[in-house]
Every structure is written in C-alpha cells, then in structure tokens.
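Single-structure report; data block below.
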Amino acid sequence: MTAYPATIGAPVEHELVIKKSRFIAHVSPVASPDEADAVVARVKKQFWDARHNCSAQVTGTRGDRARSSDDGEPSGTAGIPMLEVLRRRELTDVVAVVTRYFGGVKLGAGGLVRAYSSAVSEALDAAVMLDRMPLSQAIIAVPHSDAGRFDNLLRDWITAHAASLGETRYAADAEFEVWVPASALTMLEADVAAWSSGAWRAVASGVSRVVDVPR
C-alpha cells in the first residue's frame, strides 16, 4: 500500500506558559494553501493584540507544499521549528499558528525554538489523527429489513480492517458504500456472503481514491 502523509480530523487549541510568555497553539486541517492562509488571517484578527502570530503549513496529498513565518521573532526561531514538527509527525493539509503574548522575560533563540516546537507538538498530541490510504470502492445492496443489522456488522468490520464507510443510499434496497484496502476486498466479499448465507454480495466498482481513516 502506498504511504501518504497523515492529517488531523478537527482543529485543536493548546496553551502553555513559559517564563510568563503565553504561547497559544492553533492547529487546523485545511484543504489548500489558500485555506491555510485564511486560518492564519483569522487567528491574527482574533489575537490582534498579541506580539507574534507565527505559522507553519504543509499542504498537498504528498505534503509537497510548505510555508512558514516567524512573524517578527528572530529568524529561524519559530516558523521553521513549527514546520519541522509537522514534518516529523509526517502530516499534510495542516496549518499551525502559535500566538505569543510576551511576558517580559526574553527566552533566547534556543528557548524560542523549544517553546514554539512544544506548543505545536503538544497541540498535536491532543488531535484526532487520520491516516490517508488508497482505498477501493465496494457496493453492497441489502434489503431494508436487514439494513440495521448489516450496518452494525459493517461498522465493526471497517474498524478492524482500516476501511471507511461511505454514503448509504436508500432505493429499492439499502446500498452501502465501503472503501476498503485492495488487499481486503476478497475478505470483505467472503464476510458479506457469510453474514447473509450468500444472499448479499460486495461488488468492487473498480474506483479507487485516497481516503482519510481514523487511527
């Protein structure tokens, strides 16, 4: 399976205080550099009275676009260390903004690097991580009378097999959309047949895409 950088499921905010300076980390999932820039602008507007709003972002399916800003801190003491945390965690489509309210005590270059890195790292520790995986689509049609039981079985199955439940459509039958690692398609087909004594089938559509799957 091709490895992709992971991402996060929802925004996280985390604060730490170091020698009276407040460091407030805001980490958010984004879909593009423009969206990341919008998050940075929003944080700057919200915390307009802060001394610094430093930022780092990584975007793109492969994490091939990156930017950072020290926002007035000494060069290399904020944005780049924050970016290195995102890189070390192997993340993409994420923006981190760390707001600093200066407490009157200088931290020195090394202290700033540690503070900004720690703020982002601790925020990420609290984030919901999503692994990005290339998955294949399967469609399973089930009679409405069996949809509730099948939904429970399927949710247990996807949790155990790094799969993802897509849209469920209700027409003549309940049609479940499942995104599955290609290596697990045969197992899904066998399990669906076993659950229904051969009455239901998991049909691979041939469509694949990169899907975010909770860890």
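We label chains A, B, ... in the order they appear in the structure tokens, count residues from 1 in each chain, and number ligands from 1 in the order shown.
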Exercise. Quick one: residues within 9 Å of Ala184 (chain A), only C-alpha atoms counted, chain neighbours fewer than 4 positions away excluded, as number ranges by chain?
Worked result: A: 161, 163, 180, 188-189
Residues near Pro134 (chain A), cut-off 9 Å, only C-alpha atoms, skip fewer than 2 positions along chain, as a compact mmCIF listing (two decimals) with N, CA and C atoms, in the first residue's frame:
```txt
# COMPACT_ATOMS: atom_id res chain seq x y z
N MET A 1 0.85 -1.19 0.00
CA MET A 1 0.00 0.00 0.00
C MET A 1 0.89 1.25 0.00
N THR A 2 0.58 2.22 -0.88
CA THR A 2 1.35 3.44 -0.96
C THR A 2 1.14 4.26 0.29
N ALA A 3 2.25 4.77 0.86
CA ALA A 3 2.15 5.56 2.08
C ALA A 3 1.94 7.03 1.73
N TYR A 4 0.99 7.66 2.41
CA TYR A 4 0.74 9.09 2.28
C TYR A 4 0.91 9.72 3.66
N ARG A 132 -4.08 8.60 5.78
CA ARG A 132 -4.55 8.69 4.39
C ARG A 132 -4.11 7.44 3.65
N SER A 136 -10.24 1.11 -2.20
CA SER A 136 -11.07 0.73 -3.34
C SER A 136 -12.54 0.68 -2.91
N TRP A 179 -15.23 1.78 1.49
CA TRP A 179 -13.89 2.00 0.92
C TRP A 179 -12.91 1.11 1.67
N VAL A 180 -12.25 0.22 0.93
CA VAL A 180 -11.51 -0.89 1.52
C VAL A 180 -10.10 -0.96 0.91
N PRO A 181 -9.08 -1.29 1.72
CA PRO A 181 -7.79 -1.59 1.12
C PRO A 181 -7.94 -2.69 0.07
N ALA A 182 -7.28 -2.54 -1.05
CA ALA A 182 -7.44 -3.51 -2.14
C ALA A 182 -7.17 -4.94 -1.67
N SER A 208 -11.04 3.84 -7.21
CA SER A 208 -10.15 3.99 -6.06
C SER A 208 -9.95 5.47 -5.76
N ARG A 209 -9.67 5.78 -4.50
CA ARG A 209 -9.35 7.15 -4.12
C ARG A 209 -8.61 7.13 -2.79
N VAL A 210 -7.98 8.26 -2.47
CA VAL A 210 -7.31 8.39 -1.17
C VAL A 210 -8.35 8.82 -0.15
N VAL A 211 -8.44 8.07 0.95
CA VAL A 211 -9.48 8.30 1.96
C VAL A 211 -8.81 8.51 3.33
```
Exercise. Could you state the separation of CA of Ala127 (chain A) and CA of Gly60 (chain A) in Å, given to one decimal place?
Worked result: 19.5 Å
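Secondary structure from DSSP on the backbone puts strand (DSSP E or B) at the following positions of region 139-196 of chain A: Ile139, Ile140, Ala141, Val142, Ser164, Leu165, Gly166, Glu167, Thr168, Arg169, Tyr170, Ala174, Glu175, Phe176, Glu177, Val178, Trp179 and Val180 of chain A.
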For this session: Fewer than 4 positions away in the same chain doesn't count, so skip those; otherwise give me all residues within 12 Å of Glu35 (chain A), counting only C-alpha atoms, as number ranges by chain.
Result: A: 28-31, 39-42, 57-59, 93-95
Exercise. If you count only C-alpha atoms, which residues fall within 7 Å of Pro143 (chain A), apart from same-chain ones fewer than 2 positions away, as a PyMOL selection string?
Worked result: chain A and resi 141+145-147+173-174
Keeping only all heavy atoms, write the selected residues as a CSV table (one decimal), in the first residue's frame.
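Dumped everything to part24.csv:
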```
chain,number,residue,atom,x,y,z
A,141,ALA,N,-25.7,-4.1,-1.6
A,141,ALA,CA,-27.1,-3.9,-1.6
A,141,ALA,C,-27.7,-4.9,-0.6
A,141,ALA,O,-27.5,-6.1,-0.7
A,141,ALA,CB,-27.7,-4.1,-3.0
A,145,SER,N,-35.1,-4.4,5.4
A,145,SER,CA,-35.4,-5.1,6.7
A,145,SER,C,-34.1,-5.5,7.4
A,145,SER,O,-34.1,-5.8,8.6
A,145,SER,CB,-36.3,-6.3,6.5
A,145,SER,OG,-35.7,-7.2,5.5
A,146,ASP,N,-33.0,-5.7,6.6
A,146,ASP,CA,-31.7,-6.2,7.2
A,146,ASP,C,-30.7,-5.0,7.4
A,146,ASP,O,-29.6,-5.3,7.8
A,146,ASP,CB,-31.1,-7.2,6.3
A,146,ASP,CG,-31.9,-8.5,6.3
A,146,ASP,OD1,-32.2,-9.0,7.4
A,146,ASP,OD2,-32.3,-9.0,5.2
A,147,ALA,N,-31.1,-3.8,7.0
A,147,ALA,CA,-30.1,-2.7,6.9
A,147,ALA,C,-29.5,-2.4,8.3
A,147,ALA,O,-28.3,-2.2,8.4
A,147,ALA,CB,-30.8,-1.5,6.3
A,173,ASP,N,-33.3,-1.2,-2.5
A,173,ASP,CA,-32.5,-1.8,-1.4
A,173,ASP,C,-31.7,-0.6,-0.7
A,173,ASP,O,-31.7,0.5,-1.2
A,173,ASP,CB,-31.5,-2.8,-1.8
A,173,ASP,CG,-32.2,-4.1,-2.4
A,173,ASP,OD1,-33.2,-4.5,-1.7
A,173,ASP,OD2,-31.8,-4.6,-3.5
A,174,ALA,N,-31.2,-1.0,0.5
A,174,ALA,CA,-30.2,-0.1,1.1
A,174,ALA,C,-28.8,-0.4,0.5
A,174,ALA,O,-28.4,-1.5,0.6
A,174,ALA,CB,-30.2,-0.3,2.6
```
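Using only C-alpha atoms, the protein and nucleic acid residues lying no more than 7 Å from region 192-204 of chain A, apart from those fewer than 6 places from it along its own chain, are Gln137, Ala138, Ile139, Ile140, Ala141 and Val142 of chain A.
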Exercise. Counting only C-alpha atoms, what is within 7 Å of region 71-73 of chain A, bar same-chain residues fewer than 4 positions away, as a list in words?
Worked result: His52, Asn53, Cys54, Thr77 and Ala78 of chain A
For this session: If you run DSSP over the backbone, which residues in chain A end up alpha helix (DSSP H)? Put them as an NGL selection string.
Result: :A and (33-46 or 79-88 or 108-125 or 147-160 or 185-195)
Could you save those same residues with C-alpha atoms as a PDB file, in the first residue's frame?
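Generated file (part_26.pdb):
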```
ATOM      1  CA  PRO A  33      -2.693  26.825   0.806  1.00  0.00           C
ATOM      2  CA  ASP A  34      -5.445  29.455   0.403  1.00  0.00           C
ATOM      3  CA  GLU A  35      -7.451  27.840   3.179  1.00  0.00           C
ATOM      4  CA  ALA A  36      -4.336  27.689   5.363  1.00  0.00           C
ATOM      5  CA  ASP A  37      -3.691  31.396   4.730  1.00  0.00           C
ATOM      6  CA  ALA A  38      -7.298  32.126   5.698  1.00  0.00           C
ATOM      7  CA  VAL A  39      -6.808  30.318   9.022  1.00  0.00           C
ATOM      8  CA  VAL A  40      -3.651  32.351   9.695  1.00  0.00           C
ATOM      9  CA  ALA A  41      -5.508  35.589   8.871  1.00  0.00           C
ATOM     10  CA  ARG A  42      -8.414  34.610  11.133  1.00  0.00           C
ATOM     11  CA  VAL A  43      -6.111  33.884  14.090  1.00  0.00           C
ATOM     12  CA  LYS A  44      -4.245  37.157  13.557  1.00  0.00           C
ATOM     13  CA  LYS A  45      -7.542  39.031  13.560  1.00  0.00           C
ATOM     14  CA  GLN A  46      -8.749  37.240  16.694  1.00  0.00           C
ATOM     15  CA  GLY A  79       8.152  29.161  11.815  1.00  0.00           C
ATOM     16  CA  ILE A  80      10.814  26.645  10.790  1.00  0.00           C
ATOM     17  CA  PRO A  81      10.795  24.771  14.135  1.00  0.00           C
ATOM     18  CA  MET A  82       6.980  24.599  13.913  1.00  0.00           C
ATOM     19  CA  LEU A  83       7.254  23.297  10.356  1.00  0.00           C
ATOM     20  CA  GLU A  84       9.760  20.666  11.462  1.00  0.00           C
ATOM     21  CA  VAL A  85       7.219  19.348  13.980  1.00  0.00           C
ATOM     22  CA  LEU A  86       4.645  18.918  11.198  1.00  0.00           C
ATOM     23  CA  ARG A  87       7.253  17.200   9.031  1.00  0.00           C
ATOM     24  CA  ARG A  88       8.434  14.952  11.855  1.00  0.00           C
ATOM     25  CA  GLY A 108      16.807  33.435  23.816  1.00  0.00           C
ATOM     26  CA  ALA A 109      16.942  31.707  20.447  1.00  0.00           C
ATOM     27  CA  GLY A 110      17.065  28.192  21.881  1.00  0.00           C
ATOM     28  CA  GLY A 111      14.226  28.906  24.277  1.00  0.00           C
ATOM     29  CA  LEU A 112      12.039  30.245  21.467  1.00  0.00           C
ATOM     30  CA  VAL A 113      12.690  27.204  19.296  1.00  0.00           C
ATOM     31  CA  ARG A 114      11.729  24.885  22.162  1.00  0.00           C
ATOM     32  CA  ALA A 115       8.645  26.930  23.059  1.00  0.00           C
ATOM     33  CA  TYR A 116       7.212  27.132  19.556  1.00  0.00           C
ATOM     34  CA  SER A 117       8.021  23.467  18.848  1.00  0.00           C
ATOM     35  CA  SER A 118       6.480  22.317  22.118  1.00  0.00           C
ATOM     36  CA  ALA A 119       3.317  24.350  21.592  1.00  0.00           C
ATOM     37  CA  VAL A 120       2.658  22.671  18.241  1.00  0.00           C
ATOM     38  CA  SER A 121       3.745  19.223  19.392  1.00  0.00           C
ATOM     39  CA  GLU A 122       1.524  19.281  22.490  1.00  0.00           C
ATOM     40  CA  ALA A 123      -1.443  20.506  20.420  1.00  0.00           C
ATOM     41  CA  LEU A 124      -0.938  17.614  18.000  1.00  0.00           C
ATOM     42  CA  ASP A 125      -0.835  15.169  20.913  1.00  0.00           C
ATOM     43  CA  ALA A 147     -30.115  -2.721   6.922  1.00  0.00           C
ATOM     44  CA  GLY A 148     -29.818  -2.069  10.666  1.00  0.00           C
ATOM     45  CA  ARG A 149     -28.164  -5.422  11.439  1.00  0.00           C
ATOM     46  CA  PHE A 150     -25.873  -5.117   8.437  1.00  0.00           C
ATOM     47  CA  ASP A 151     -24.870  -1.569   9.389  1.00  0.00           C
ATOM     48  CA  ASN A 152     -23.690  -2.819  12.811  1.00  0.00           C
ATOM     49  CA  LEU A 153     -21.758  -5.711  11.288  1.00  0.00           C
ATOM     50  CA  LEU A 154     -20.163  -3.442   8.702  1.00  0.00           C
ATOM     51  CA  ARG A 155     -19.092  -0.799  11.223  1.00  0.00           C
ATOM     52  CA  ASP A 156     -17.320  -3.452  13.303  1.00  0.00           C
ATOM     53  CA  TRP A 157     -15.679  -4.795  10.150  1.00  0.00           C
ATOM     54  CA  ILE A 158     -14.328  -1.462   8.891  1.00  0.00           C
ATOM     55  CA  THR A 159     -12.866  -0.684  12.325  1.00  0.00           C
ATOM     56  CA  ALA A 160     -10.896  -3.937  12.232  1.00  0.00           C
ATOM     57  CA  LEU A 185     -11.621  -6.813  -0.887  1.00  0.00           C
ATOM     58  CA  THR A 186     -11.661 -10.604  -1.079  1.00  0.00           C
ATOM     59  CA  MET A 187     -12.094 -10.832   2.691  1.00  0.00           C
ATOM     60  CA  LEU A 188     -14.994  -8.352   2.588  1.00  0.00           C
ATOM     61  CA  GLU A 189     -16.693 -10.354  -0.155  1.00  0.00           C
ATOM     62  CA  ALA A 190     -16.335 -13.564   1.868  1.00  0.00           C
ATOM     63  CA  ASP A 191     -17.555 -11.994   5.116  1.00  0.00           C
ATOM     64  CA  VAL A 192     -20.591 -10.361   3.479  1.00  0.00           C
ATOM     65  CA  ALA A 193     -21.524 -13.696   1.932  1.00  0.00           C
ATOM     66  CA  ALA A 194     -21.111 -15.425   5.300  1.00  0.00           C
ATOM     67  CA  TRP A 195     -23.298 -12.862   7.110  1.00  0.00           C
TER      68      TRP A 195
END
```
Problem set entry | Close residues, Thr99 (chain A) itself excluded, 8 Å, only C-alpha atoms, min 5 positions apart in chain, as a list in words | Arg22, Phe23, Ile24, Ala25, Phe47, Ala50, Arg51, His52, Asn53 and Cys54 of chain A
Keeping only C-alpha atoms, take the residues you just selected and write them out as a PDB file, in the first residue's frame.
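result-v2.pdb was written with the following content:
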```
ATOM      1  CA  ARG A  22       1.788  32.755  26.762  1.00  0.00           C
ATOM      2  CA  PHE A  23       2.056  30.504  23.706  1.00  0.00           C
ATOM      3  CA  ILE A  24      -1.346  29.594  22.252  1.00  0.00           C
ATOM      4  CA  ALA A  25      -1.173  26.965  19.509  1.00  0.00           C
ATOM      5  CA  PHE A  47      -5.469  37.778  18.552  1.00  0.00           C
ATOM      6  CA  ALA A  50      -0.518  39.628  20.543  1.00  0.00           C
ATOM      7  CA  ARG A  51       3.162  40.340  19.922  1.00  0.00           C
ATOM      8  CA  HIS A  52       3.513  37.495  17.394  1.00  0.00           C
ATOM      9  CA  ASN A  53       1.340  35.067  15.421  1.00  0.00           C
ATOM     10  CA  CYS A  54       3.875  32.673  13.904  1.00  0.00           C
TER      11      CYS A  54
END
```
